[in-house]
>>> print(open('work.cif').read())   # mmCIF, C-alpha atoms
data_model
#
loop_
_atom_site.label_atom_id
_atom_site.label_comp_id
_atom_site.auth_asym_id
_atom_site.auth_seq_id
_atom_site.Cartn_x
_atom_site.Cartn_y
_atom_site.Cartn_z
CA MET D 1 305.27 133.73 152.57
CA LYS D 2 308.51 132.82 150.86
CA ILE D 3 309.84 135.66 148.73
CA SER D 4 313.01 135.59 146.66
CA GLU D 5 315.46 138.47 146.89
CA ARG D 6 314.84 139.21 143.22
CA GLU D 7 311.12 139.62 143.87
CA PHE D 8 311.85 141.82 146.88
CA ALA D 9 314.27 143.98 144.85
CA GLU D 10 311.76 144.37 142.02
CA ALA D 11 309.11 145.44 144.51
CA VAL D 12 311.42 148.06 146.08
CA ASN D 13 312.27 149.39 142.63
CA SER D 14 308.78 149.03 141.18
CA ARG D 15 307.79 152.70 140.79
CA SER D 16 311.24 154.17 140.44
CA LYS D 17 312.94 154.97 137.13
CA ALA D 18 316.38 154.49 138.69
CA PRO D 19 317.18 151.34 140.68
CA ILE D 20 316.99 151.86 144.45
CA TYR D 21 317.52 148.36 145.77
CA GLU D 22 320.99 147.75 144.32
CA LYS D 23 322.49 150.88 145.90
CA MET D 24 320.70 150.30 149.20
CA LYS D 25 321.81 146.65 149.22
CA ALA D 26 325.47 147.73 148.97
CA ALA D 27 325.20 150.14 151.92
CA THR D 28 325.90 149.78 155.64
CA VAL D 29 324.29 152.03 158.27
CA GLY D 30 324.89 152.02 162.03
CA ILE D 31 322.13 152.83 164.52
CA ALA D 32 323.09 153.78 168.08
CA GLY D 33 320.13 153.30 170.41
CA LEU D 34 317.02 151.29 169.55
CA GLY D 35 314.26 153.33 171.11
CA GLY D 36 311.66 155.50 169.39
CA LEU D 37 314.16 156.89 166.90
CA GLY D 38 316.38 153.87 166.31
CA SER D 39 313.69 151.21 165.94
CA ASN D 40 311.71 153.31 163.48
CA ILE D 41 314.82 154.36 161.52
CA ALA D 42 315.76 150.69 161.18
CA ALA D 43 312.29 149.71 159.96
CA ALA D 44 312.37 152.45 157.31
CA LEU D 45 315.82 151.42 156.08
CA VAL D 46 315.08 147.70 155.76
CA ARG D 47 311.90 148.50 153.81
CA SER D 48 314.09 150.31 151.27
CA GLY D 49 316.43 147.33 151.04
CA ILE D 50 319.43 148.38 153.15
CA GLY D 51 322.08 145.65 152.87
CA ARG D 52 323.64 145.80 156.32
CA LEU D 53 322.61 147.35 159.62
CA VAL D 54 324.80 147.58 162.72
CA ILE D 55 322.44 148.09 165.66
CA ALA D 56 323.37 148.65 169.32
CA ASP D 57 321.41 148.95 172.56
CA PHE D 58 321.87 147.48 176.06
CA ASP D 59 318.21 147.69 177.06
CA ARG D 60 315.19 145.41 177.13
CA VAL D 61 311.71 146.20 175.78
CA GLU D 62 309.26 147.60 178.36
CA LEU D 63 305.55 148.35 178.18
CA SER D 64 306.38 152.09 178.36
CA ASN D 65 308.22 151.75 175.02
CA ILE D 66 305.22 150.60 173.02
CA ASN D 67 303.79 154.14 172.73
CA ARG D 68 306.44 155.09 170.17
CA GLN D 69 308.87 152.28 169.43
CA ALA D 70 308.52 149.65 166.70
CA TYR D 71 308.24 146.72 169.15
CA LEU D 72 305.18 144.55 169.71
CA LEU D 73 303.60 143.44 172.98
CA ARG D 74 305.13 139.99 172.48
CA ASP D 75 308.58 141.59 172.81
CA ILE D 76 308.22 142.92 176.37
CA GLY D 77 311.13 141.68 178.47
CA ARG D 78 313.28 140.76 175.45
CA ARG D 79 316.55 142.40 174.52
CA LYS D 80 315.91 145.25 172.08
CA THR D 81 318.64 144.07 169.72
CA GLU D 82 317.10 140.61 169.49
CA ALA D 83 313.46 141.75 169.28
CA LEU D 84 314.21 144.39 166.65
CA ALA D 85 316.36 142.05 164.55
CA GLU D 86 313.41 139.63 164.43
CA ILE D 87 310.95 142.35 163.35
CA LEU D 88 313.40 143.61 160.71
CA ARG D 89 313.92 140.11 159.28
CA GLU D 90 310.16 139.72 159.05
CA ILE D 91 310.07 142.86 156.89
CA ASN D 92 313.19 142.13 154.82
CA PRO D 93 315.02 138.82 155.27
CA PHE D 94 317.82 139.89 152.92
CA CYS D 95 319.35 142.50 155.22
CA GLU D 96 322.39 141.46 157.27
CA ILE D 97 321.84 142.63 160.84
CA VAL D 98 324.81 142.91 163.20
CA THR D 99 323.70 143.34 166.83
CA HIS D 100 325.65 144.74 169.78
CA ASP D 101 323.88 144.15 173.07
CA VAL D 102 325.97 146.64 174.97
CA ARG D 103 325.83 150.15 176.41
CA VAL D 104 327.59 152.31 173.81
CA ASP D 105 330.21 154.56 175.38
CA GLU D 106 333.34 156.57 174.54
CA LYS D 107 335.53 153.49 174.73
CA ASN D 108 333.57 151.12 172.48
CA CYS D 109 331.75 153.34 169.98
CA LEU D 110 334.56 153.47 167.42
CA GLU D 111 334.94 149.70 167.55
CA ILE D 112 331.18 149.22 167.06
CA PHE D 113 330.54 151.89 164.42
CA GLY D 114 333.95 152.75 162.94
CA GLN D 115 333.30 150.69 159.80
CA CYS D 116 329.89 152.26 159.13
CA PRO D 117 330.07 155.12 156.59
CA ILE D 118 326.81 156.49 158.08
CA VAL D 119 325.78 156.35 161.73
CA CYS D 120 322.36 157.38 163.03
CA GLU D 121 322.52 158.69 166.60
CA ALA D 122 319.26 157.60 168.23
CA PHE D 123 319.84 157.71 171.98
CA ASP D 124 317.33 159.06 174.47
CA GLY D 125 319.69 161.09 176.67
CA ALA D 126 321.22 164.43 175.67
CA GLU D 127 324.62 163.56 177.17
CA GLU D 128 324.77 160.25 175.32
CA LYS D 129 323.89 162.03 172.07
CA ALA D 130 326.73 164.52 172.62
CA MET D 131 329.12 161.72 173.61
CA LEU D 132 328.54 159.75 170.42
CA VAL D 133 328.78 162.76 168.11
CA ASN D 134 331.95 164.07 169.78
CA THR D 135 333.69 160.71 169.98
CA LEU D 136 332.92 159.47 166.48
CA LEU D 137 333.68 162.79 164.78
CA SER D 138 336.98 163.04 166.69
CA GLU D 139 338.17 159.45 166.46
CA SER D 140 337.00 158.55 162.95
CA LYS D 141 338.06 160.52 159.91
CA THR D 142 335.23 159.31 157.70
CA VAL D 143 332.03 158.42 159.58
CA LYS D 144 329.08 160.73 158.87
CA ILE D 145 326.56 161.18 161.68
CA ILE D 146 322.88 161.98 161.53
CA THR D 147 321.58 162.83 164.97
CA GLY D 148 318.12 163.44 166.45
CA SER D 149 317.56 166.29 168.90
CA GLY D 150 314.18 167.76 169.82
CA MET D 151 311.08 165.65 169.15
CA ALA D 152 309.21 165.61 172.48
CA GLY D 153 305.52 166.48 172.81
CA PHE D 154 302.93 166.35 170.05
CA GLY D 155 301.93 168.33 166.96
CA ARG D 156 304.16 171.07 165.48
CA ALA D 157 305.16 168.56 162.84
CA ASN D 158 306.61 171.22 160.57
CA GLU D 159 309.08 172.38 163.22
CA ILE D 160 311.06 169.18 162.81
CA VAL D 161 313.77 169.76 160.21
CA THR D 162 317.10 168.40 159.01
CA ARG D 163 320.02 170.81 159.42
CA LYS D 164 323.48 170.40 157.93
CA ILE D 165 326.12 171.41 160.48
CA SER D 166 329.16 170.21 158.53
CA GLU D 167 330.02 167.71 155.79
CA ARG D 168 329.93 165.00 158.45
CA LEU D 169 327.17 166.12 160.83
CA PHE D 170 323.44 166.50 160.28
CA VAL D 171 320.94 167.27 163.05
CA CYS D 172 317.26 166.35 162.78
CA GLY D 173 314.57 167.62 165.14
CA ASP D 174 313.21 170.92 166.40
CA GLY D 175 316.39 171.47 168.42
CA LYS D 176 314.53 172.47 171.56
CA THR D 177 311.69 170.30 172.92
CA ASP D 178 313.37 168.34 175.70
CA VAL D 179 311.64 165.27 177.13
CA ALA D 180 312.93 166.42 180.55
CA ASP D 181 310.43 169.31 180.37
CA GLY D 182 307.57 166.85 180.84
CA GLU D 183 305.81 167.02 177.48
CA GLY D 184 306.19 163.29 176.97
CA LEU D 185 306.86 161.55 173.68
CA THR D 186 304.31 160.61 171.03
CA ALA D 187 304.86 158.11 168.24
CA SER D 188 303.62 160.52 165.59
CA ARG D 189 306.23 163.16 166.38
CA VAL D 190 309.09 160.77 167.15
CA ILE D 191 308.43 158.98 163.85
CA ILE D 192 308.66 162.29 161.97
CA CYS D 193 312.12 162.80 163.43
CA ALA D 194 313.08 159.16 162.74
CA GLY D 195 311.83 159.71 159.18
CA HIS D 196 314.07 162.76 158.79
CA ILE D 197 317.09 160.77 159.97
CA ALA D 198 316.32 157.75 157.79
CA SER D 199 315.57 160.02 154.84
CA LYS D 200 318.94 161.77 155.12
CA ALA D 201 320.66 158.37 155.30
CA VAL D 202 318.83 157.20 152.15
CA GLU D 203 319.75 160.46 150.40
CA MET D 204 323.42 159.93 151.26
CA ILE D 205 323.24 156.40 149.86
CA LEU D 206 321.25 157.08 146.68
CA GLY D 207 322.37 160.65 145.99
CA MET B 1 333.16 198.37 160.66
CA ARG B 2 333.84 197.71 157.00
CA GLY B 3 336.67 195.25 156.41
CA GLU B 4 336.83 194.17 160.04
CA LYS B 5 337.01 190.43 160.41
CA MET B 6 334.39 188.91 162.58
CA ALA B 7 333.75 185.42 163.84
CA LYS B 8 330.37 183.76 163.42
CA ILE B 9 328.69 181.62 166.04
CA ASN B 10 325.66 179.74 164.76
CA GLY B 11 325.46 182.28 161.95
CA GLU B 12 325.55 185.36 164.23
CA ASP B 13 328.42 187.86 164.18
CA PHE B 14 330.68 187.66 167.21
CA ASN B 15 333.77 189.69 168.03
CA GLU B 16 334.75 189.09 171.66
CA LYS B 17 338.12 187.65 172.59
CA ILE B 18 337.08 184.69 174.70
CA THR B 19 337.56 180.94 174.65
CA VAL B 20 334.98 178.44 173.49
CA GLY B 21 334.66 177.25 177.11
CA GLU B 22 333.94 180.79 178.32
CA TYR B 23 331.42 181.36 175.55
CA LEU B 24 329.55 178.14 176.36
CA LYS B 25 329.29 179.11 180.02
CA LYS B 26 328.18 182.64 179.19
CA ALA B 27 325.53 181.44 176.72
CA GLY B 28 324.18 178.89 179.19
CA TYR B 29 325.25 175.69 177.45
CA SER B 30 326.16 172.56 179.39
CA ALA B 31 329.52 171.39 178.04
CA VAL B 32 328.51 167.72 178.27
CA ARG B 33 325.46 168.30 176.06
CA VAL B 34 327.05 170.04 173.11
CA ALA B 35 329.11 169.37 170.03
CA VAL B 36 331.21 172.30 168.84
CA MET B 37 332.39 172.56 165.25
CA VAL B 38 335.03 175.15 164.36
CA ASN B 39 335.42 175.75 160.64
CA GLY B 40 333.75 172.45 159.89
CA GLU B 41 335.85 170.32 162.25
CA ILE B 42 334.82 168.94 165.62
CA LEU B 43 336.53 170.65 168.55
CA PRO B 44 337.51 168.07 171.21
CA LYS B 45 336.05 168.83 174.64
CA ASN B 46 339.52 168.98 176.18
CA ASP B 47 340.30 171.94 173.94
CA TYR B 48 337.28 174.11 174.88
CA ASP B 49 339.13 176.09 177.53
CA SER B 50 342.30 176.61 175.50
CA THR B 51 340.67 177.53 172.19
CA GLU B 52 340.08 181.22 171.65
CA ILE B 53 337.44 182.23 169.12
CA LYS B 54 339.40 183.97 166.37
CA PRO B 55 338.16 186.53 163.85
CA ASP B 56 336.99 184.65 160.74
CA ASP B 57 336.20 181.47 162.70
CA GLU B 58 332.89 179.86 161.89
CA VAL B 59 331.65 178.20 165.04
CA GLU B 60 328.63 175.92 165.14
CA ILE B 61 327.35 174.82 168.53
CA VAL B 62 324.84 171.98 168.60
CA GLY B 63 323.06 171.81 171.95
CA PHE B 64 321.41 168.45 172.45
CA VAL B 65 318.08 167.90 174.20
CA GLY B 66 316.75 164.59 175.47
CA GLY B 67 314.20 162.26 173.90
CA GLY B 68 314.35 159.45 171.40
#
>>> encode(input="work.cif", output="structure tokens")
Amino acid sequence: MKISEREFAEAVNSRSKAPIYEKMKAATVGIAGLGGLGSNIAAALVRSGIGRLVIADFDRVELSNINRQAYLLRDIGRRKTEALAEILREINPFCEIVTHDVRVDEKNCLEIFGQCPIVCEAFDGAEEKAMLVNTLLSESKTVKIITGSGMAGFGRANEIVTRKISERLFVCGDGKTDVADGEGLTASRVIICAGHIASKAVEMILG
Amino acid sequence: MRGEKMAKINGEDFNEKITVGEYLKKAGYSAVRVAVMVNGEILPKNDYDSTEIKPDDEVEIVGFVGGG
């Protein structure tokens, strides 16, 4: 179905007294890692009309991702950047999506995300999470980071919270359930954490 | 003691004279899985072993766990 941007904007704003779409449209958010957190954060942001997303991941979609990530069976074997960009455009064709099909590391993360006022850290590994937060907070003077830590297992939905660490760092999760402990990951709990991260980003943009 | 200045680490009072690196080791943190903020600013990893926790410092240590 062909929708105009005006129709899309009106639909986003439809039950809100203050306009949401216009502020979201002017915003850029970076997402580092397109797994269970990143893919679901991206979907939430494009539904609210985010204007520009910078998304980065080196990986390809596997069957073991489908339990919690926003991909579809048709995407198995495809690059995550490419598969996610297609899904996002199917939700909101008016968002500009910049993809980086690369492993984000200390050397390239400022180049990839330095121009994003808000970056969502959405990696799977604890060391990669720490790397991104340390490098971006040290090397950029302005980027704000929202990071996810602690969303393994199932249930205990109310233990997942957003904590402000400083003006530039927010941590979402329960802070303790580590996937390395063997509890696995469930979509319901990962999506709660992704929702916290996306919600903080929206708050920063609209607030 | 009243009037004595005390550092805070993750909101808890702390008054030992040790470096951030020593504290992390003692508290069981892995240095490659943390971010350390001192008075609201990120502390670069290379400075952990040379930075002593001073009275009045507010230290926040974020320990990351895997999953995403």
>>> closest_atom_pairs(input="work.cif", of="chain B", to="chain D", cutoff="12 Å", atoms="all atoms listed in the file", output="tab-separated table")
residue	atom	partner	partner_atom	distance
B:Ile9	CA	D:Ile165	CA	11.9
B:Asn10	CA	D:Ile165	CA	9.4
B:Gly11	CA	D:Ile165	CA	11.0
B:Ser30	CA	D:Glu127	CA	9.4
B:Ala31	CA	D:Ala130	CA	9.2
B:Val32	CA	D:Glu127	CA	5.8
B:Arg33	CA	D:Glu127	CA	4.9
B:Val34	CA	D:Ala130	CA	5.6
B:Ala35	CA	D:Ala130	CA	6.0
B:Val36	CA	D:Asn134	CA	8.3
B:Met37	CA	D:Ser166	CA	7.8
B:Val38	CA	D:Ser166	CA	9.6
B:Asn39	CA	D:Ser166	CA	8.6
B:Gly40	CA	D:Ser166	CA	5.3
B:Glu41	CA	D:Ser166	CA	7.7
B:Ile42	CA	D:Leu137	CA	6.3
B:Leu43	CA	D:Ser138	CA	7.8
B:Pro44	CA	D:Ser138	CA	6.8
B:Lys45	CA	D:Asn134	CA	7.9
B:Asn46	CA	D:Asn134	CA	11.1
B:Asp47	CA	D:Ser138	CA	11.9
B:Glu58	CA	D:Ser166	CA	10.9
B:Val59	CA	D:Ile165	CA	9.9
B:Glu60	CA	D:Ile165	CA	7.0
B:Ile61	CA	D:Ile165	CA	8.8
B:Val62	CA	D:Ile165	CA	8.2
B:Gly63	CA	D:Gly175	CA	7.6
B:Phe64	CA	D:Ala126	CA	5.2
B:Val65	CA	D:Ala126	CA	4.9
B:Gly66	CA	D:Ala126	CA	4.5
B:Gly67	CA	D:Asp124	CA	4.5
B:Gly68	CA	D:Asp124	CA	4.3
>>> atom_distance(input="work.cif", atom1="CA of Phe113 (chain D)", atom2="CA of Glu62 (chain D)")
25.8 Å
>>> resolve_selection(input="work.cif", expression="the PyMOL selection byres ((chain B and resi 51) around 8)", output="list in words")
Thr19, Val20, Gly21, Asp47, Tyr48, Asp49, Ser50, Glu52 and Ile53 of chain B
>>> atom_distance(input="work.cif", atom1="CA of Ile41 (chain D)", atom2="CA of Ile146 (chain D)")
11.1 Å
>>> resolve_selection(input="work.cif", expression="the PyMOL selection byres ((chain D and resi 46-53) around 9)", output="ChimeraX atom specification")
/D:8-9,12-13,20-31,41-45,54-55,88-89,91-99,116,202
>>> atom_distance(input="work.cif", atom1="CA of Lys17 (chain D)", atom2="CA of Val119 (chain D)")
27.8 Å
>>> residues_near_point(input="work.cif", point="(328.0, 185.1, 173.7)", cutoff="10 Å", atoms="only C-alpha atoms", output="PyMOL selection string")
chain B and resi 9+12-16+18+20+22-28
>>> closest_residue(input="work.cif", among="D:Ala187, D:Leu206, D:Ile145, D:Val61", to="Glu82 (chain D)", atoms="only C-alpha atoms")
D:Val61
>>> axis_aligned_box(input="work.cif", around="region 41-55 of chain B", padding_each_side="6 Å", output="lines of an AutoDock Vina configuration file")
center_x = 338.6
center_y = 177.3
center_z = 169.9
size_x = 19.5
size_y = 30.5
size_z = 27.3
>>> resolve_selection(input="work.cif", expression="the PyMOL selection byres ((chain D and resi 76-78) around 9)", output="ChimeraX atom specification")
/D:59-63,65-66,71-75,79-83
>>> closest_residue(input="work.cif", among="D:Glu86, D:Asn67, D:Glu106, D:Pro117", to="Thr186 (chain D)", atoms="all atoms listed in the file")
D:Asn67
